[in-house]
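Engineer: Supplied in structure tokens, the structure appears directly below.
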Amino acid sequence: MASPPPPRDIPPVDIDTQVAHSLYLARAGIKGLVILGSTGEAIHLTNKERFEVLHGVRQAFEREGFKDYPIIAGTATQNIEETVEQLKGAEEAGAQYGLCLVPGYFAGASTQEGILRWFTAVADRSPIPIMIYHYPGVSNNVKVVPSTYVALAKHPNIVGCKLSHGDVSYHAQIASNPSIDHSSFATFTGLGQQLLPAVVVGAAGAIDGCADFFPKTVVRLYELSFKVSAMEEIIVKFGTVGIKEAISRLRSMGDRDGTRLPLFGGIPGDDAEWAKWKDCVDAMEEEEQSL
């Protein structure tokens, strides 16, 4: 008996297009890819298909000169063993990291201690470092509070998080938390429209859907966000005095100490202090003159 064709609503995975798109993004300046996240419909693929996609992209990167290009493989399962199985498959296929969705089927009954233990169990067993993926919109509005990230960030095999929600306060409480070693735990927003405020409070960047079709623009926005945020620190540190001195030094308008008493003397340290900002100022001046 002849085997019937597959149903039209279950098309084969188009690995060639996935490979072409991945190369397009890498060439556009995107620094790393999440493959099989929410946009990649990880929940709709079999483990065999997952491997084929990841392995196909890794082979293409190696062939086209993107050796060791970062691939983060998404998982969206609810149980620990299947999540670990997918992470093992991801490593075998060539991914360096895993992005694990917070389990939300029993969101109403889940406790922070339960979520902490779930991620600890996965991280203990995973052959690759993992990131926490908090996307309440696809996981029953499960909640993960900042203190849970503080605890999980201490695990040597948990290296970051992606926050796909609009709570900028939580972004700040995680990305700028002094109890987290941010050299080994990176915070990413999942919403590109939050890139600037996220970077300002210490986030490493964005894992953004818009970058799939406007990659160069989003990369440019990130670069500018970093430069602007760095330059804003002179205002944070010196306030009105810093603004007026910068106007005088950079635009030759007014005196360096263009303030009234009780403000006096310009920025403390004068030329020596200004010299500390040279790299930041030069980067911003280059941007300004290009416009």
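How things are named: the first chain in the structure tokens is A, the next is B, and so on; residues count from 1 in each chain; ligands count from 1 in the order shown.
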Determine, counting only C-alpha atoms, which protein, DNA and RNA residues have an atom within 12 Å of an atom of segment 53-63 of chain A; residues of the same chain fewer than 3 positions away are not included. Present the result as a PyMOL selection string.

Structural biologist: chain A and resi 12-27+32-37+40-42+45-50+66-74+86-87+89-98

Engineer: Within 7 Å of Thr148 of chain A, counting only C-alpha atoms, which residues qualify if same-chain residues fewer than 3 places away don't, as a list in words?

Structural biologist: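 The filter keeps Gln112, Leu116, Val144, Val145, Ala151 and Leu152 of chain A.
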
Engineer: Looking only at the backbone, which of the residues in segment 182-289 of chain A does DSSP tag as strand (DSSP E or B), as a PDB file with N, CA and C atoms, in the first residue's frame?

Structural biologist:
```pdb
ATOM      1  N   ALA A 186      24.397  37.473  31.919  1.00  0.00           N
ATOM      2  CA  ALA A 186      23.970  38.574  31.048  1.00  0.00           C
ATOM      3  C   ALA A 186      22.446  38.649  30.998  1.00  0.00           C
ATOM      4  N   THR A 187      21.934  39.860  31.079  1.00  0.00           N
ATOM      5  CA  THR A 187      20.494  40.093  30.994  1.00  0.00           C
ATOM      6  C   THR A 187      20.152  40.690  29.633  1.00  0.00           C
ATOM      7  N   PHE A 188      19.212  40.063  28.939  1.00  0.00           N
ATOM      8  CA  PHE A 188      18.748  40.558  27.642  1.00  0.00           C
ATOM      9  C   PHE A 188      17.255  40.842  27.724  1.00  0.00           C
ATOM     10  N   THR A 189      16.830  41.936  27.105  1.00  0.00           N
ATOM     11  CA  THR A 189      15.409  42.139  26.926  1.00  0.00           C
ATOM     12  C   THR A 189      14.975  41.409  25.660  1.00  0.00           C
ATOM     13  N   GLY A 205      21.864  43.664  26.059  1.00  0.00           N
ATOM     14  CA  GLY A 205      21.325  43.919  24.732  1.00  0.00           C
ATOM     15  C   GLY A 205      19.928  43.371  24.601  1.00  0.00           C
ATOM     16  N   ALA A 206      19.528  43.104  23.353  1.00  0.00           N
ATOM     17  CA  ALA A 206      18.181  42.601  23.080  1.00  0.00           C
ATOM     18  C   ALA A 206      18.256  41.368  22.194  1.00  0.00           C
TER      19      ALA A 206
END
```

Engineer: Just list the residues in segment 7-130 of chain A DSSP gives alpha helix (DSSP H) on the backbone, as number ranges by chain.

Structural biologist: A: 15-27, 47-63, 80-93, 112-125

Engineer: Could you pull the residues within 9 Å of Asn177 of chain A, counting only C-alpha atoms, minus those fewer than 3 positions along the same chain, as a list of chain:residue names?

Structural biologist: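 The neighbour list is A:Pro146, A:Val150, A:Ala172, A:Gln173, A:Ile174, A:Ile180, A:Asp181, A:His182, A:Gly202.
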
Engineer: Take the residues that were just selected and, keeping all heavy atoms, output them as a PDB file, in the first residue's frame.

Structural biologist:
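Just written: part_18.pdb:
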```
ATOM      1  N   PRO A 146      12.725  38.980  40.837  1.00  0.00           N
ATOM      2  CA  PRO A 146      14.172  39.244  40.771  1.00  0.00           C
ATOM      3  C   PRO A 146      15.011  38.404  41.735  1.00  0.00           C
ATOM      4  O   PRO A 146      16.130  38.001  41.380  1.00  0.00           O
ATOM      5  CB  PRO A 146      14.258  40.741  41.099  1.00  0.00           C
ATOM      6  CG  PRO A 146      12.980  41.302  40.569  1.00  0.00           C
ATOM      7  CD  PRO A 146      11.949  40.245  40.871  1.00  0.00           C
ATOM      8  N   VAL A 150      18.569  36.247  41.169  1.00  0.00           N
ATOM      9  CA  VAL A 150      19.765  36.411  41.994  1.00  0.00           C
ATOM     10  C   VAL A 150      20.283  35.045  42.440  1.00  0.00           C
ATOM     11  O   VAL A 150      21.488  34.761  42.367  1.00  0.00           O
ATOM     12  CB  VAL A 150      19.479  37.306  43.217  1.00  0.00           C
ATOM     13  CG1 VAL A 150      20.676  37.307  44.171  1.00  0.00           C
ATOM     14  CG2 VAL A 150      19.163  38.736  42.775  1.00  0.00           C
ATOM     15  N   ALA A 172      15.564  46.319  35.478  1.00  0.00           N
ATOM     16  CA  ALA A 172      16.534  47.078  36.268  1.00  0.00           C
ATOM     17  C   ALA A 172      16.970  46.299  37.504  1.00  0.00           C
ATOM     18  O   ALA A 172      18.162  46.275  37.847  1.00  0.00           O
ATOM     19  CB  ALA A 172      15.949  48.422  36.670  1.00  0.00           C
ATOM     20  N   GLN A 173      16.020  45.653  38.174  1.00  0.00           N
ATOM     21  CA  GLN A 173      16.340  44.928  39.399  1.00  0.00           C
ATOM     22  C   GLN A 173      17.212  43.702  39.148  1.00  0.00           C
ATOM     23  O   GLN A 173      17.863  43.203  40.065  1.00  0.00           O
ATOM     24  CB  GLN A 173      15.055  44.498  40.098  1.00  0.00           C
ATOM     25  CG  GLN A 173      14.248  45.645  40.683  1.00  0.00           C
ATOM     26  CD  GLN A 173      12.971  45.157  41.335  1.00  0.00           C
ATOM     27  OE1 GLN A 173      13.015  44.385  42.292  1.00  0.00           O
ATOM     28  NE2 GLN A 173      11.837  45.594  40.818  1.00  0.00           N
ATOM     29  N   ILE A 174      17.235  43.241  37.904  1.00  0.00           N
ATOM     30  CA  ILE A 174      18.081  42.098  37.548  1.00  0.00           C
ATOM     31  C   ILE A 174      19.385  42.579  36.917  1.00  0.00           C
ATOM     32  O   ILE A 174      20.479  42.215  37.353  1.00  0.00           O
ATOM     33  CB  ILE A 174      17.330  41.140  36.602  1.00  0.00           C
ATOM     34  CG1 ILE A 174      16.087  40.574  37.291  1.00  0.00           C
ATOM     35  CG2 ILE A 174      18.244  40.013  36.139  1.00  0.00           C
ATOM     36  CD1 ILE A 174      15.079  39.967  36.352  1.00  0.00           C
ATOM     37  N   ILE A 180      24.406  40.200  41.720  1.00  0.00           N
ATOM     38  CA  ILE A 180      24.651  39.347  40.558  1.00  0.00           C
ATOM     39  C   ILE A 180      25.988  39.719  39.935  1.00  0.00           C
ATOM     40  O   ILE A 180      26.296  40.897  39.752  1.00  0.00           O
ATOM     41  CB  ILE A 180      23.518  39.495  39.525  1.00  0.00           C
ATOM     42  CG1 ILE A 180      22.204  38.935  40.079  1.00  0.00           C
ATOM     43  CG2 ILE A 180      23.869  38.801  38.208  1.00  0.00           C
ATOM     44  CD1 ILE A 180      21.009  39.133  39.151  1.00  0.00           C
ATOM     45  N   ASP A 181      26.778  38.711  39.610  1.00  0.00           N
ATOM     46  CA  ASP A 181      28.034  38.939  38.895  1.00  0.00           C
ATOM     47  C   ASP A 181      27.699  39.056  37.406  1.00  0.00           C
ATOM     48  O   ASP A 181      27.511  38.057  36.717  1.00  0.00           O
ATOM     49  CB  ASP A 181      28.999  37.780  39.139  1.00  0.00           C
ATOM     50  CG  ASP A 181      30.321  37.966  38.404  1.00  0.00           C
ATOM     51  OD1 ASP A 181      30.483  38.984  37.694  1.00  0.00           O
ATOM     52  OD2 ASP A 181      31.187  37.082  38.524  1.00  0.00           O
ATOM     53  N   HIS A 182      27.637  40.277  36.917  1.00  0.00           N
ATOM     54  CA  HIS A 182      27.187  40.500  35.546  1.00  0.00           C
ATOM     55  C   HIS A 182      28.258  40.158  34.506  1.00  0.00           C
ATOM     56  O   HIS A 182      27.968  40.176  33.309  1.00  0.00           O
ATOM     57  CB  HIS A 182      26.712  41.947  35.386  1.00  0.00           C
ATOM     58  CG  HIS A 182      25.564  42.277  36.289  1.00  0.00           C
ATOM     59  ND1 HIS A 182      24.288  41.808  36.074  1.00  0.00           N
ATOM     60  CD2 HIS A 182      25.498  42.987  37.442  1.00  0.00           C
ATOM     61  CE1 HIS A 182      23.480  42.236  37.038  1.00  0.00           C
ATOM     62  NE2 HIS A 182      24.198  42.951  37.882  1.00  0.00           N
ATOM     63  N   GLY A 202      21.756  48.453  32.511  1.00  0.00           N
ATOM     64  CA  GLY A 202      22.791  47.438  32.615  1.00  0.00           C
ATOM     65  C   GLY A 202      22.605  46.181  31.805  1.00  0.00           C
ATOM     66  O   GLY A 202      23.428  45.263  31.893  1.00  0.00           O
TER      67      GLY A 202
END
```

Engineer: Excluding Ser183 of chain A and its own-chain neighbours fewer than 2 positions away, which residues fall within 12 Å of it when counting only C-alpha atoms? Please give them as number ranges by chain.

Structural biologist: A: 153-154, 156, 159-160, 175-176, 178-181, 185-187, 202-204

Engineer: Write the residues you've just listed into a file as an mmCIF file, in the first residue's frame, and include C-alpha atoms for each of them.

Structural biologist:
```cif
data_model
loop_
_atom_site.group_PDB
_atom_site.id
_atom_site.type_symbol
_atom_site.label_atom_id
_atom_site.label_comp_id
_atom_site.auth_asym_id
_atom_site.auth_seq_id
_atom_site.Cartn_x
_atom_site.Cartn_y
_atom_site.Cartn_z
ATOM 1 C CA ALA A 153 22.729 33.514 38.708
ATOM 2 C CA LYS A 154 25.024 31.900 41.264
ATOM 3 C CA PRO A 156 27.963 28.173 37.239
ATOM 4 C CA VAL A 159 24.761 32.385 32.328
ATOM 5 C CA GLY A 160 21.915 34.790 31.627
ATOM 6 C CA ALA A 175 20.455 43.856 35.127
ATOM 7 C CA SER A 176 21.828 46.271 37.728
ATOM 8 C CA PRO A 178 24.779 44.278 42.848
ATOM 9 C CA SER A 179 24.225 40.726 44.105
ATOM 10 C CA ILE A 180 24.651 39.347 40.558
ATOM 11 C CA ASP A 181 28.034 38.939 38.895
ATOM 12 C CA PHE A 185 25.319 36.463 33.929
ATOM 13 C CA ALA A 186 23.970 38.574 31.048
ATOM 14 C CA THR A 187 20.494 40.093 30.994
ATOM 15 C CA GLY A 202 22.791 47.438 32.615
ATOM 16 C CA ALA A 203 21.327 44.897 30.199
ATOM 17 C CA ALA A 204 23.665 43.303 27.673
#
```

Engineer: Compare A:Leu101, A:Arg117, A:Lys227, A:Leu221 by their minimum atom-to-atom distance to Ser164 of chain A, counting only C-alpha atoms, and give me the closest one.

Structural biologist: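 When distances to Ser164 of chain A are compared using only C-alpha atoms, the smallest one comes from A:Leu101.
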
Engineer: Please provide as a ChimeraX atom specification all residues within 6 Å of Gly104 of chain A, with the sequence filter that same-chain residues fewer than 3 positions apart are discarded (counting only C-alpha atoms).

Structural biologist: /A:107,139-140,142

Engineer: Would you mind reading off the distance between atom CA of Pro11 of chain A and atom CA of Glu85 of chain A, one decimal, in Å?

Structural biologist: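 Interatomic distance here is 24.7 Å.
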
Engineer: For the atom pair atom CA of Gly258 of chain A and atom CA of Thr240 of chain A, what is the interatomic distance in Å to one decimal place?

Structural biologist: 9.6 Å
